[in-house]
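Below is one structure; the comments refer to it alone.
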Amino acid sequence: MKRHFILTLFIVGIGLNVSAQSTLDSVLAAIGNNNKTILLAQQYSETQKLAYKTGLAPTDPVFEYDYMFGRPANAGNQTDLTVTQAFDFPLVYARKKQLSGQQQLQTDMLFMAKRQEVLLSAKSVCIQLVYLNKLQIQLVQRQKDVAKIANDFQVKLDKGDGNALDVNKAKLQLIEIDKDLQMNRSQINQLNQHLTELNGGNVITFADTSYPLVPLVPPFEQIESDIESTDPLRQYLEQERVVSQKELEVSKALWLPKLEVGYHYQAILGQKFNGVHGGISIPLWQQKGTVKLQQSQIMFAEMELQEHSNEHYYEVKQLYERYENLKVTLTQYQQVFQSLDNKPLLDKSLAYGQISTIEYFMETGYYYNALNGYLETERDYYLVLAELYRYTL
């Protein structure tokens with residue numbers, strides 16, 4: 001029974017219960033709503049969108065009024081009134097509106113990249129907490145076992161059947177376990193505090209001992225393609241290229257003449273004149289070099305996208321290889337622990353005096369070191385999976 005109890009506590013396969021997933025989802029949902037970095041990025045995105053919507057309309061109309069006194073007195077006074085409206089060639093406004101729309105889309109992608117980064121950090125913290133919570137159960141059980149052994153040795157010593165060396169060895173083991181237990185408990189508290197920080201200061205804890213449910217991992221080519229197609233940072237860089245292209249179109253359109261229309265009224269010596277005012281501005285120098293600049297920015301955006309694609313490909317490839325190696329090691333650990341039955345046998349051997357105290361603690365030390373290695377491998381396995389599936393956050 002004891003063996004089955006230990007296996008139930010510590011051996012966790014790939015198939016996991018749904019409640020663990022919903023618990024993690026609730027943590028991520030809370031952080032998605034409360035995290036200060038996400039809220040700041042959202043506000044920045046909205047501010048940028050408003051900024052990109054400005055400057056799309058024509059300039060304000062201009063009202064000019066002149067009243068001039070004539071000299072000598074019989075020269076009369078002169079009144080001039082002019083109302084003008086300047087505007088770019090109509091194609092410019094169409095190009096600027098298209099540019100604004102693409103810039104707003106790019107702002108959304110930048111926000112999604114920042115949100116994904118925060119949620120991945122939160123998910124990684126939860127995975128580490130699952131590991132520490134599982135380790136806490138193991139350490140508590142070890143503490144109970146060693147405390148019982150130390151108590152049994154003390155009883156035997158009090159009856160004259162034992163020796164002080166065995167009691168001291170058991171007490172030293174108990175001190176080491178208590179130290180590990182306190183350190184583990186402290187790490188759990190610190191990570192829960194970090195979760196609270198990520199949750200905008202709203203207290204939140206994660207006490208689960210089951211890892212999040214993950215889908216069957218496809219071959220590398222497929223998952224790499226899925227990641228690339230949904231990566232918000234790649235989408236941001238692709239959009240940067242589109243924005244640069246639209247900026248080039250705006251720069252070319254600005255080489256078209258600017259127009260000015262209005263009304264002009266003039267009165268002098270009892271005579272009045274009024275009519276239409278018109279003007280045209282020929283862009284000769286102001287836009288010089290802007291087209292070449294935008295062409296250079298398009299080239300830069302394309303190179304930046306290529307650099308990111310190359311770097312990201314090998315980053316995913318390394319993660320996938322690490323995932324495969326951890327999966328092999330984790331499977332080996334699971335197979336060994338499913339058939340491992342040393343702990344109950346060691347307890348009986350110690351109880352009947354078939355092994356010494358030193359031998360018992362050495363053998364149980366091997367067992368718990370292997371168990372710790374299994375738990376660490378399991379944690380690292382799910383951390384890598386979280387990285388691979390960050391695009392689902």
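To be explicit about the labels: the chains of the structure tokens are called A, B, and onward in the order shown, and within each one the residues are counted from 1, while ligands get numbers from 1 in the order they are shown.
For A:Phe300, the non-local neighbours within 12 Å, defined as residues at least 2 positions apart in the same chain or in other chains and counting only C-alpha atoms, are A:Leu237, A:Glu238, A:Glu240, A:Arg241, A:Ser244, A:Gln245, A:Leu293, A:Gln294, A:Gln295, A:Ser296, A:Gln297, A:Ile298, A:Glu302, A:Met303, A:Glu304, A:Leu305, A:Gln306, A:Glu307.
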Kindly export the residues of the current selection with C-alpha atoms, as a short mmCIF file (atom, residue, chain, number, x, y, z; two decimals), in the first residue's frame.
data_model
loop_
_atom_site.label_atom_id
_atom_site.label_comp_id
_atom_site.auth_asym_id
_atom_site.auth_seq_id
_atom_site.Cartn_x
_atom_site.Cartn_y
_atom_site.Cartn_z
CA LEU A 237 8.22 42.82 -38.40
CA GLU A 238 6.19 41.81 -41.45
CA GLU A 240 6.90 46.99 -40.44
CA ARG A 241 7.70 46.16 -44.04
CA SER A 244 7.49 51.18 -44.83
CA GLN A 245 5.93 50.47 -48.22
CA LEU A 293 14.95 57.24 -47.39
CA GLN A 294 11.75 55.18 -47.52
CA GLN A 295 13.29 52.75 -50.00
CA SER A 296 16.20 52.25 -47.61
CA GLN A 297 13.78 51.65 -44.72
CA ILE A 298 11.96 48.99 -46.76
CA GLU A 302 13.17 43.08 -45.05
CA MET A 303 16.64 42.34 -43.68
CA GLU A 304 15.35 42.58 -40.10
CA LEU A 305 12.57 40.10 -40.91
CA GLN A 306 15.04 37.68 -42.48
CA GLU A 307 17.35 37.96 -39.47
#
Considering only C-alpha atoms, give me a table of residues in stretch 185-246 of chain A that are at most 8 Å from stretch 97-117 of chain A, with the closest atom pair and distance in Å for each, as a Markdown table.
| residue | atom | partner | partner_atom | distance |
| --- | --- | --- | --- | --- |
| A:Asp231 | CA | A:Ala113 | CA | 7.9 |
| A:Pro232 | CA | A:Ala113 | CA | 5.2 |
| A:Leu233 | CA | A:Ala113 | CA | 5.8 |
| A:Gln235 | CA | A:Met109 | CA | 6.7 |
| A:Tyr236 | CA | A:Met109 | CA | 5.4 |
| A:Gln239 | CA | A:Gln106 | CA | 5.8 |
| A:Glu240 | CA | A:Gln106 | CA | 7.1 |
| A:Val242 | CA | A:Gln102 | CA | 7.2 |
| A:Val243 | CA | A:Gln102 | CA | 6.0 |
| A:Lys246 | CA | A:Leu99 | CA | 5.3 |
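Of the listed residues (A:Glu260, A:Asp88, A:Asp178, A:Glu376), A:Asp88 comes nearest to A:Leu56; the distances count only C-alpha atoms.
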If you run DSSP on this backbone, which residues of stretch 35-149 of chain A come out as alpha helix (DSSP H), and could you give them as number ranges by chain?
-> A: 36-53, 90-149
Find the spatial neighbours of A:Val155, counting only C-alpha atoms, within a cut-off of 12 Å - ignore same-chain residues fewer than 6 positions away - and output them as an mmCIF file with C-alpha atoms, in the first residue's frame.
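The resulting result-v4.cif:
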data_model
loop_
_atom_site.group_PDB
_atom_site.id
_atom_site.type_symbol
_atom_site.label_atom_id
_atom_site.label_comp_id
_atom_site.auth_asym_id
_atom_site.auth_seq_id
_atom_site.Cartn_x
_atom_site.Cartn_y
_atom_site.Cartn_z
ATOM 1 C CA LYS A 148 9.460 7.971 13.150
ATOM 2 C CA ILE A 149 12.836 6.247 12.764
ATOM 3 C CA ASP A 161 18.332 -1.930 23.263
ATOM 4 C CA GLY A 162 19.758 0.759 20.944
ATOM 5 C CA ASN A 163 22.784 2.997 20.689
ATOM 6 C CA ALA A 164 23.314 6.726 20.657
ATOM 7 C CA ASP A 166 21.873 5.529 15.497
ATOM 8 C CA VAL A 167 19.847 8.192 17.284
#
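When only C-alpha atoms are used to compute distances to A:Ile175, the closest of the residues A:Ser210, A:Thr54, A:Gln143, A:Thr79 turns out to be A:Gln143.
Minimum atom-to-atom distances from A:Ser124, A:Asn34, A:Tyr367, A:Lys288 to A:Arg142 were compared using only C-alpha atoms, and the lowest value belongs to A:Tyr367.
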Residues at most 8 Å from stretch 181-183 of chain A, counting only C-alpha atoms, excluding those fewer than 5 positions away in the same chain, as an mmCIF file with C-alpha atoms, in the first residue's frame?
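Okay, result-v9.cif is ready:
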data_model
loop_
_atom_site.group_PDB
_atom_site.id
_atom_site.type_symbol
_atom_site.label_atom_id
_atom_site.label_comp_id
_atom_site.auth_asym_id
_atom_site.auth_seq_id
_atom_site.Cartn_x
_atom_site.Cartn_y
_atom_site.Cartn_z
ATOM 1 C CA GLN A 136 6.942 19.574 -0.724
ATOM 2 C CA LEU A 139 9.768 16.192 1.760
ATOM 3 C CA VAL A 140 6.888 16.108 4.236
#
From a DSSP calculation on the backbone, collect every residue of stretch 118-318 of chain A in strand (DSSP E) and output the set as a list in words.
->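 The residues of stretch 118-318 of chain A classed as strand (DSSP E) are Lys258, Leu259, Glu260, Val261, Gly262, Tyr263, His264, Tyr265, Gln266, Ala267, Ile268, Gln271, Lys272, Phe273, Asn274, Gly275, Val276, His277, Gly278, Gly279, Ile280 and Ser281 of chain A.
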Written file, previous selection with N, CA and C atoms, as a PDB file, in the first residue's frame:
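Okay, result.pdb is ready:
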ATOM      1  N   LYS A 258       0.624  70.966 -54.256  1.00  0.00           N
ATOM      2  CA  LYS A 258      -0.328  71.349 -53.226  1.00  0.00           C
ATOM      3  C   LYS A 258      -1.207  72.476 -53.787  1.00  0.00           C
ATOM      4  N   LEU A 259      -2.452  72.418 -53.460  1.00  0.00           N
ATOM      5  CA  LEU A 259      -3.409  73.387 -53.997  1.00  0.00           C
ATOM      6  C   LEU A 259      -3.895  74.324 -52.903  1.00  0.00           C
ATOM      7  N   GLU A 260      -4.353  75.510 -53.338  1.00  0.00           N
ATOM      8  CA  GLU A 260      -4.898  76.487 -52.405  1.00  0.00           C
ATOM      9  C   GLU A 260      -6.042  77.226 -53.090  1.00  0.00           C
ATOM     10  N   VAL A 261      -7.183  77.267 -52.464  1.00  0.00           N
ATOM     11  CA  VAL A 261      -8.353  77.975 -52.990  1.00  0.00           C
ATOM     12  C   VAL A 261      -8.929  78.859 -51.890  1.00  0.00           C
ATOM     13  N   GLY A 262      -9.685  79.924 -52.319  1.00  0.00           N
ATOM     14  CA  GLY A 262     -10.278  80.795 -51.317  1.00  0.00           C
ATOM     15  C   GLY A 262     -11.043  81.950 -51.937  1.00  0.00           C
ATOM     16  N   TYR A 263     -11.303  82.885 -51.077  1.00  0.00           N
ATOM     17  CA  TYR A 263     -12.075  84.078 -51.462  1.00  0.00           C
ATOM     18  C   TYR A 263     -11.252  85.310 -51.114  1.00  0.00           C
ATOM     19  N   HIS A 264     -11.239  86.320 -52.061  1.00  0.00           N
ATOM     20  CA  HIS A 264     -10.470  87.534 -51.841  1.00  0.00           C
ATOM     21  C   HIS A 264     -11.385  88.743 -52.082  1.00  0.00           C
ATOM     22  N   TYR A 265     -11.406  89.636 -51.089  1.00  0.00           N
ATOM     23  CA  TYR A 265     -12.223  90.865 -51.171  1.00  0.00           C
ATOM     24  C   TYR A 265     -11.294  92.053 -50.989  1.00  0.00           C
ATOM     25  N   GLN A 266     -11.485  93.103 -51.810  1.00  0.00           N
ATOM     26  CA  GLN A 266     -10.672  94.309 -51.716  1.00  0.00           C
ATOM     27  C   GLN A 266     -11.545  95.546 -51.937  1.00  0.00           C
ATOM     28  N   ALA A 267     -11.343  96.565 -51.127  1.00  0.00           N
ATOM     29  CA  ALA A 267     -12.092  97.828 -51.254  1.00  0.00           C
ATOM     30  C   ALA A 267     -11.119  98.995 -51.147  1.00  0.00           C
ATOM     31  N   ILE A 268     -11.177  99.935 -52.106  1.00  0.00           N
ATOM     32  CA  ILE A 268     -10.292 101.090 -52.099  1.00  0.00           C
ATOM     33  C   ILE A 268     -10.935 102.214 -52.927  1.00  0.00           C
ATOM     34  N   GLN A 271     -14.245 101.804 -54.432  1.00  0.00           N
ATOM     35  CA  GLN A 271     -14.402 100.700 -55.364  1.00  0.00           C
ATOM     36  C   GLN A 271     -14.197  99.370 -54.612  1.00  0.00           C
ATOM     37  N   LYS A 272     -14.976  98.378 -55.005  1.00  0.00           N
ATOM     38  CA  LYS A 272     -14.906  97.060 -54.357  1.00  0.00           C
ATOM     39  C   LYS A 272     -14.595  95.997 -55.391  1.00  0.00           C
ATOM     40  N   PHE A 273     -13.735  95.104 -54.951  1.00  0.00           N
ATOM     41  CA  PHE A 273     -13.360  93.981 -55.801  1.00  0.00           C
ATOM     42  C   PHE A 273     -13.457  92.695 -54.980  1.00  0.00           C
ATOM     43  N   ASN A 274     -13.993  91.649 -55.559  1.00  0.00           N
ATOM     44  CA  ASN A 274     -14.011  90.340 -54.873  1.00  0.00           C
ATOM     45  C   ASN A 274     -14.002  89.238 -55.918  1.00  0.00           C
ATOM     46  N   GLY A 275     -13.500  88.100 -55.475  1.00  0.00           N
ATOM     47  CA  GLY A 275     -13.431  86.984 -56.411  1.00  0.00           C
ATOM     48  C   GLY A 275     -12.738  85.772 -55.806  1.00  0.00           C
ATOM     49  N   VAL A 276     -12.406  84.865 -56.642  1.00  0.00           N
ATOM     50  CA  VAL A 276     -11.822  83.587 -56.226  1.00  0.00           C
ATOM     51  C   VAL A 276     -10.312  83.716 -56.108  1.00  0.00           C
ATOM     52  N   HIS A 277      -9.797  83.123 -55.035  1.00  0.00           N
ATOM     53  CA  HIS A 277      -8.348  83.071 -54.842  1.00  0.00           C
ATOM     54  C   HIS A 277      -7.876  81.647 -55.133  1.00  0.00           C
ATOM     55  N   GLY A 278      -6.817  81.487 -55.848  1.00  0.00           N
ATOM     56  CA  GLY A 278      -6.257  80.176 -56.155  1.00  0.00           C
ATOM     57  C   GLY A 278      -4.753  80.207 -56.120  1.00  0.00           C
ATOM     58  N   GLY A 279      -4.166  79.052 -55.792  1.00  0.00           N
ATOM     59  CA  GLY A 279      -2.708  78.970 -55.738  1.00  0.00           C
ATOM     60  C   GLY A 279      -2.251  77.531 -55.869  1.00  0.00           C
ATOM     61  N   ILE A 280      -0.994  77.379 -56.194  1.00  0.00           N
ATOM     62  CA  ILE A 280      -0.419  76.054 -56.339  1.00  0.00           C
ATOM     63  C   ILE A 280       1.021  76.086 -55.842  1.00  0.00           C
ATOM     64  N   SER A 281       1.397  75.049 -55.102  1.00  0.00           N
ATOM     65  CA  SER A 281       2.746  74.938 -54.562  1.00  0.00           C
ATOM     66  C   SER A 281       3.460  73.801 -55.289  1.00  0.00           C
TER      67      SER A 281
END
